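Contents: one structure, followed by commentary.
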Amino acid sequence: MTTGLEYFKKVYDVVPGWVQKMHDYNPAMLDHYTALRGAAMAQGVLSVKEKDILLVGMNAARHYARSMVYHTKGAIDGGATLEELIEYLLVAYNYGGEKALQIGLQSFDYALELTNTNADKISHEASASDIVRYYSTFASKDKSKTYFEQLLSFFVAGDKNALKDALLNGNVVSTQMKYILMTGIYTTVLKNAETDYWARQSREIGVEEAELAELGYICLLTAGIPSWFEISDALIQK
């Protein structure tokens with residue numbers, strides 16, 4: 001096996017078809033891509049687990065299930081809990097709406113399998129409020145249960161502004177990581193003004209510039225070079 005094939009077999013347990021085809025058509029291209037991925041996903045100011053789970057949330061938000069599921073394995077292998085995964089998938093609602101939550105169930109179902117968790121599953125066509133209610137059954141602490149009760153109350157009331165703010169409140173996942181996720185979502189969908197807005201909001205609550213830069217590296221992996229153009233505009237020159 002080449003270095004690239006070995007790398008991806010280690011990551012995914014098998015060599016994905018898209019990796020094999022890149023190797024078959026141009027082994028040098030796979031080597032370059034492998035090097036880029038390895039650098040972007042390496043431990044830094046953001047952990048490997050955080051990078052994978054951010055990619056889960058970003059891809060749920062932009063309705064790209066394939067990449068979302070790939071990175072679900074990385075997140076769980078890196079130590080992410082089901083409760084952490086749930087909150088990243090919920091934040092995706094702030095951009096991708098009900099469809100993002102429905103698509104996110106593919107990630108959660110896979111996580112249940114990866115963690116050998118015996119639990120009921122819910123229809124992937126369930127309403128947003130029913131999905132939130134389903135996720136609330138996995139809350140293990142009183143604080144988390146209160147968090148979900150609040151979310152559900154805003155869904156029932158149809159209070160979108162309050163819901164948006166509540167989804168970004170720290171619970172199992174910190175507010176800082178949720179703001180990083182929102183910055184990443186707008187970066188991957190190439191929304192320049194919104195990327196700049198969320199980067200500024202992130203700084204105001206204590207997110208470091210180096211964290212935003214590392215976010216940009218993983219956005220590049222999932223959404224291509226144009227996503228780096230977008231977040232680079234929002235980064236402060238060193």
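In the structure tokens, chains take the letters A, B, ... in the order shown, each chain's residues start at 1, and ligands count up from 1 in the order shown.
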Write out as a list in words the residues lying within 8 Å of A:Lys51, counting only C-alpha atoms and excluding same-chain residues fewer than 4 positions away.
-> Met41, Leu46, Ser47, Leu55, Ala75, Leu215 and Ile218 of chain A
Counting only C-alpha atoms, what is within 9 Å of stretch 135-146 of chain A, bar same-chain residues fewer than 5 positions away, as number ranges by chain?
-> A: 82-83, 86, 130, 151, 171-172
Can you write just those residues out, all heavy atoms, as a JSON list (two decimals), in the first residue's frame?
```json
[["chain", "number", "residue", "atom", "x", "y", "z"],
["A", 82, "LEU", "N", -21.96, 11.21, 23.03],
["A", 82, "LEU", "CA", -23.22, 11.40, 22.31],
["A", 82, "LEU", "C", -23.83, 12.76, 22.62],
["A", 82, "LEU", "O", -24.38, 13.42, 21.73],
["A", 82, "LEU", "CB", -24.21, 10.29, 22.68],
["A", 82, "LEU", "CG", -23.84, 8.88, 22.22],
["A", 82, "LEU", "CD1", -24.86, 7.87, 22.77],
["A", 82, "LEU", "CD2", -23.76, 8.79, 20.70],
["A", 83, "GLU", "N", -23.71, 13.20, 23.86],
["A", 83, "GLU", "CA", -24.28, 14.50, 24.23],
["A", 83, "GLU", "C", -23.56, 15.65, 23.53],
["A", 83, "GLU", "O", -24.19, 16.63, 23.12],
["A", 83, "GLU", "CB", -24.24, 14.68, 25.74],
["A", 83, "GLU", "CG", -25.23, 13.80, 26.47],
["A", 83, "GLU", "CD", -25.23, 14.04, 27.96],
["A", 83, "GLU", "OE1", -24.42, 13.41, 28.66],
["A", 83, "GLU", "OE2", -26.03, 14.87, 28.44],
["A", 86, "ILE", "N", -24.75, 15.66, 19.89],
["A", 86, "ILE", "CA", -26.10, 16.21, 19.80],
["A", 86, "ILE", "C", -26.07, 17.73, 19.71],
["A", 86, "ILE", "O", -26.75, 18.34, 18.87],
["A", 86, "ILE", "CB", -26.95, 15.76, 21.00],
["A", 86, "ILE", "CG1", -27.38, 14.29, 20.83],
["A", 86, "ILE", "CG2", -28.18, 16.66, 21.18],
["A", 86, "ILE", "CD1", -27.98, 13.69, 22.08],
["A", 130, "ASP", "N", -39.69, 17.33, 17.37],
["A", 130, "ASP", "CA", -39.64, 15.93, 17.77],
["A", 130, "ASP", "C", -38.20, 15.43, 17.87],
["A", 130, "ASP", "O", -37.86, 14.60, 18.74],
["A", 130, "ASP", "CB", -40.43, 15.05, 16.80],
["A", 130, "ASP", "CG", -41.93, 15.14, 17.02],
["A", 130, "ASP", "OD1", -42.34, 15.61, 18.10],
["A", 130, "ASP", "OD2", -42.69, 14.74, 16.12],
["A", 151, "LEU", "N", -35.16, 24.79, 25.05],
["A", 151, "LEU", "CA", -35.21, 24.71, 23.58],
["A", 151, "LEU", "C", -36.61, 24.34, 23.11],
["A", 151, "LEU", "O", -37.15, 24.95, 22.18],
["A", 151, "LEU", "CB", -34.21, 23.67, 23.07],
["A", 151, "LEU", "CG", -32.72, 23.96, 23.21],
["A", 151, "LEU", "CD1", -31.91, 22.83, 22.58],
["A", 151, "LEU", "CD2", -32.34, 25.29, 22.58],
["A", 171, "ASN", "N", -23.60, 24.42, 27.18],
["A", 171, "ASN", "CA", -24.16, 23.36, 28.01],
["A", 171, "ASN", "C", -23.09, 22.28, 28.12],
["A", 171, "ASN", "O", -22.09, 22.49, 28.80],
["A", 171, "ASN", "CB", -25.46, 22.84, 27.39],
["A", 171, "ASN", "CG", -26.15, 21.78, 28.26],
["A", 171, "ASN", "OD1", -26.17, 21.91, 29.48],
["A", 171, "ASN", "ND2", -26.66, 20.74, 27.65],
["A", 172, "VAL", "N", -23.24, 21.17, 27.47],
["A", 172, "VAL", "CA", -22.16, 20.18, 27.41],
["A", 172, "VAL", "C", -21.03, 20.72, 26.53],
["A", 172, "VAL", "O", -19.85, 20.48, 26.78],
["A", 172, "VAL", "CB", -22.69, 18.83, 26.86],
["A", 172, "VAL", "CG1", -21.55, 17.83, 26.67],
["A", 172, "VAL", "CG2", -23.72, 18.26, 27.82]]
```
Residues within 8 Å of A:Glu87, only C-alpha atoms, excluding chain neighbours under 2 positions, as a PDB file with N, CA, C and O atoms, in the first residue's frame:
```pdb
ATOM      1  N   GLU A  83     -23.712  13.204  23.856  1.00  0.00           N
ATOM      2  CA  GLU A  83     -24.281  14.502  24.227  1.00  0.00           C
ATOM      3  C   GLU A  83     -23.559  15.650  23.527  1.00  0.00           C
ATOM      4  O   GLU A  83     -24.190  16.635  23.121  1.00  0.00           O
ATOM      5  N   GLU A  84     -22.246  15.538  23.385  1.00  0.00           N
ATOM      6  CA  GLU A  84     -21.514  16.562  22.636  1.00  0.00           C
ATOM      7  C   GLU A  84     -21.963  16.570  21.181  1.00  0.00           C
ATOM      8  O   GLU A  84     -22.229  17.640  20.609  1.00  0.00           O
ATOM      9  N   LEU A  85     -22.043  15.407  20.589  1.00  0.00           N
ATOM     10  CA  LEU A  85     -22.461  15.302  19.188  1.00  0.00           C
ATOM     11  C   LEU A  85     -23.829  15.930  18.988  1.00  0.00           C
ATOM     12  O   LEU A  85     -24.059  16.673  18.019  1.00  0.00           O
ATOM     13  N   LEU A  89     -24.919  19.016  16.372  1.00  0.00           N
ATOM     14  CA  LEU A  89     -25.968  18.790  15.373  1.00  0.00           C
ATOM     15  C   LEU A  89     -27.128  19.767  15.561  1.00  0.00           C
ATOM     16  O   LEU A  89     -27.756  20.186  14.585  1.00  0.00           O
ATOM     17  N   LEU A  90     -27.400  20.150  16.796  1.00  0.00           N
ATOM     18  CA  LEU A  90     -28.465  21.119  17.046  1.00  0.00           C
ATOM     19  C   LEU A  90     -28.100  22.515  16.544  1.00  0.00           C
ATOM     20  O   LEU A  90     -28.931  23.221  15.974  1.00  0.00           O
ATOM     21  N   VAL A  91     -26.851  22.921  16.765  1.00  0.00           N
ATOM     22  CA  VAL A  91     -26.427  24.249  16.302  1.00  0.00           C
ATOM     23  C   VAL A  91     -26.588  24.369  14.791  1.00  0.00           C
ATOM     24  O   VAL A  91     -26.887  25.444  14.266  1.00  0.00           O
ATOM     25  N   LEU A 167     -29.692  27.971  21.424  1.00  0.00           N
ATOM     26  CA  LEU A 167     -28.867  26.919  20.823  1.00  0.00           C
ATOM     27  C   LEU A 167     -27.376  27.214  20.972  1.00  0.00           C
ATOM     28  O   LEU A 167     -26.549  26.300  20.992  1.00  0.00           O
ATOM     29  N   VAL A 172     -23.236  21.167  27.467  1.00  0.00           N
ATOM     30  CA  VAL A 172     -22.155  20.179  27.407  1.00  0.00           C
ATOM     31  C   VAL A 172     -21.033  20.719  26.525  1.00  0.00           C
ATOM     32  O   VAL A 172     -19.855  20.481  26.777  1.00  0.00           O
ATOM     33  N   VAL A 173     -21.403  21.444  25.478  1.00  0.00           N
ATOM     34  CA  VAL A 173     -20.450  22.100  24.585  1.00  0.00           C
ATOM     35  C   VAL A 173     -20.402  23.584  24.936  1.00  0.00           C
ATOM     36  O   VAL A 173     -21.440  24.198  25.182  1.00  0.00           O
TER      37      VAL A 173
END
```
Would you work out the distance separating atom CA of A:Gly97 from atom CA of A:Ala60, expressed in Å to one decimal?
-> 9.9 Å
Selection: 12 Å around A:Ser123, only C-alpha atoms, excl. self and same-chain fewer than 4 positions, as a list in words = Leu101, Gln102, Ile103, Gly104, Leu105, Gln106, Phe108, Asp109, Ser127, Ala128, Asp130, Ile131 and Tyr134 of chain A
Quick one: everything within 7 Å of A:Thr188, counting only C-alpha atoms, minus sequence neighbours fewer than 3 positions away in the same chain. Send it as a PyMOL selection string.
-> chain A and resi 184-185+219+223+227
Take the residues that were just selected and, keeping N, CA and C atoms, output them as a PDB file, in the first residue's frame.
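Output saved as again-v5.pdb:
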```pdb
ATOM      1  N   GLY A 184     -17.573  28.584  11.059  1.00  0.00           N
ATOM      2  CA  GLY A 184     -17.225  27.570  10.074  1.00  0.00           C
ATOM      3  C   GLY A 184     -18.338  27.301   9.079  1.00  0.00           C
ATOM      4  N   ILE A 185     -19.569  27.288   9.568  1.00  0.00           N
ATOM      5  CA  ILE A 185     -20.701  27.041   8.670  1.00  0.00           C
ATOM      6  C   ILE A 185     -20.741  28.099   7.566  1.00  0.00           C
ATOM      7  N   CYS A 219     -12.068  23.851   7.122  1.00  0.00           N
ATOM      8  CA  CYS A 219     -13.069  24.282   6.131  1.00  0.00           C
ATOM      9  C   CYS A 219     -12.543  24.040   4.724  1.00  0.00           C
ATOM     10  N   ALA A 223     -14.672  22.098   1.997  1.00  0.00           N
ATOM     11  CA  ALA A 223     -15.356  22.991   1.051  1.00  0.00           C
ATOM     12  C   ALA A 223     -14.411  23.614   0.033  1.00  0.00           C
ATOM     13  N   SER A 227     -13.165  28.426   0.425  1.00  0.00           N
ATOM     14  CA  SER A 227     -13.527  28.655   1.827  1.00  0.00           C
ATOM     15  C   SER A 227     -12.375  29.309   2.591  1.00  0.00           C
TER      16      SER A 227
END
```
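The closest residue to A:Tyr186, picked from A:Asp31, A:Glu230, A:Asp13, A:Glu149 and counting only C-alpha atoms, is A:Glu230.
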Got a sec: who's within 10 Å of A:Gly206, counting only C-alpha atoms, leaving out chain neighbours fewer than 5 positions off, as a PyMOL selection string?
-> chain A and resi 175-176+201
Give me a file of those residues, with all heavy atoms, as an mmCIF file, in the first residue's frame.
```cif
data_model
loop_
_atom_site.group_PDB
_atom_site.id
_atom_site.type_symbol
_atom_site.label_atom_id
_atom_site.label_comp_id
_atom_site.auth_asym_id
_atom_site.auth_seq_id
_atom_site.Cartn_x
_atom_site.Cartn_y
_atom_site.Cartn_z
ATOM 1 N N THR A 175 -19.989 27.694 24.745
ATOM 2 C CA THR A 175 -20.465 28.728 23.831
ATOM 3 C C THR A 175 -19.390 29.068 22.804
ATOM 4 O O THR A 175 -19.690 29.290 21.625
ATOM 5 C CB THR A 175 -20.856 29.995 24.613
ATOM 6 O OG1 THR A 175 -21.910 29.671 25.523
ATOM 7 C CG2 THR A 175 -21.325 31.104 23.686
ATOM 8 N N GLN A 176 -18.126 29.088 23.247
ATOM 9 C CA GLN A 176 -17.035 29.407 22.324
ATOM 10 C C GLN A 176 -16.989 28.429 21.154
ATOM 11 O O GLN A 176 -16.845 28.839 19.994
ATOM 12 C CB GLN A 176 -15.690 29.388 23.066
ATOM 13 C CG GLN A 176 -15.464 30.571 23.989
ATOM 14 C CD GLN A 176 -16.057 30.368 25.369
ATOM 15 O OE1 GLN A 176 -16.789 29.395 25.619
ATOM 16 N NE2 GLN A 176 -15.739 31.261 26.282
ATOM 17 N N GLN A 201 -17.734 38.063 16.464
ATOM 18 C CA GLN A 201 -18.489 37.657 17.650
ATOM 19 C C GLN A 201 -17.703 36.617 18.456
ATOM 20 O O GLN A 201 -17.722 36.630 19.694
ATOM 21 C CB GLN A 201 -19.844 37.076 17.230
ATOM 22 C CG GLN A 201 -20.809 38.075 16.614
ATOM 23 C CD GLN A 201 -21.199 39.170 17.582
ATOM 24 O OE1 GLN A 201 -21.664 38.901 18.689
ATOM 25 N NE2 GLN A 201 -20.986 40.410 17.176
#
```
Hey, what's within 8 Å of A:Tyr7 if we count only C-alpha atoms and toss same-chain stuff fewer than 4 positions away? As a tab-separated table (two decimals) with N, CA and C atoms, in the first residue's frame, please?
```tsv
chain	number	residue	atom	x	y	z
A	3	THR	N	1.53	5.30	1.03
A	3	THR	CA	1.32	6.05	2.27
A	3	THR	C	-0.10	6.59	2.36
A	11	VAL	N	-7.71	5.76	9.15
A	11	VAL	CA	-8.76	6.71	9.55
A	11	VAL	C	-10.14	6.07	9.51
A	34	THR	N	-3.22	13.79	1.06
A	34	THR	CA	-3.01	13.17	2.36
A	34	THR	C	-2.17	14.06	3.27
```
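Across A:Thr222, A:Asn94, A:Gln150, A:Thr81, the tightest approach to A:Arg66 is made by A:Thr222 when counting only C-alpha atoms.
Between atom CA of A:Asp77 and atom CA of A:Gly4 the interatomic distance comes to 19.9 Å.
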Please return as a PyMOL selection string: the residues of stretch 3-225 of chain A that backbone DSSP assigns to helix (DSSP H, G or I).
-> chain A and resi 3-12+17-25+27-40+48-61+65-77+82-91+93-114+128-136+142-157+160-167+175-188+192-204+209-223+225
Quote the spacing between atom CA of A:Val189 and atom CA of A:Trp18 in Å to one decimal place.
-> 22.4 Å
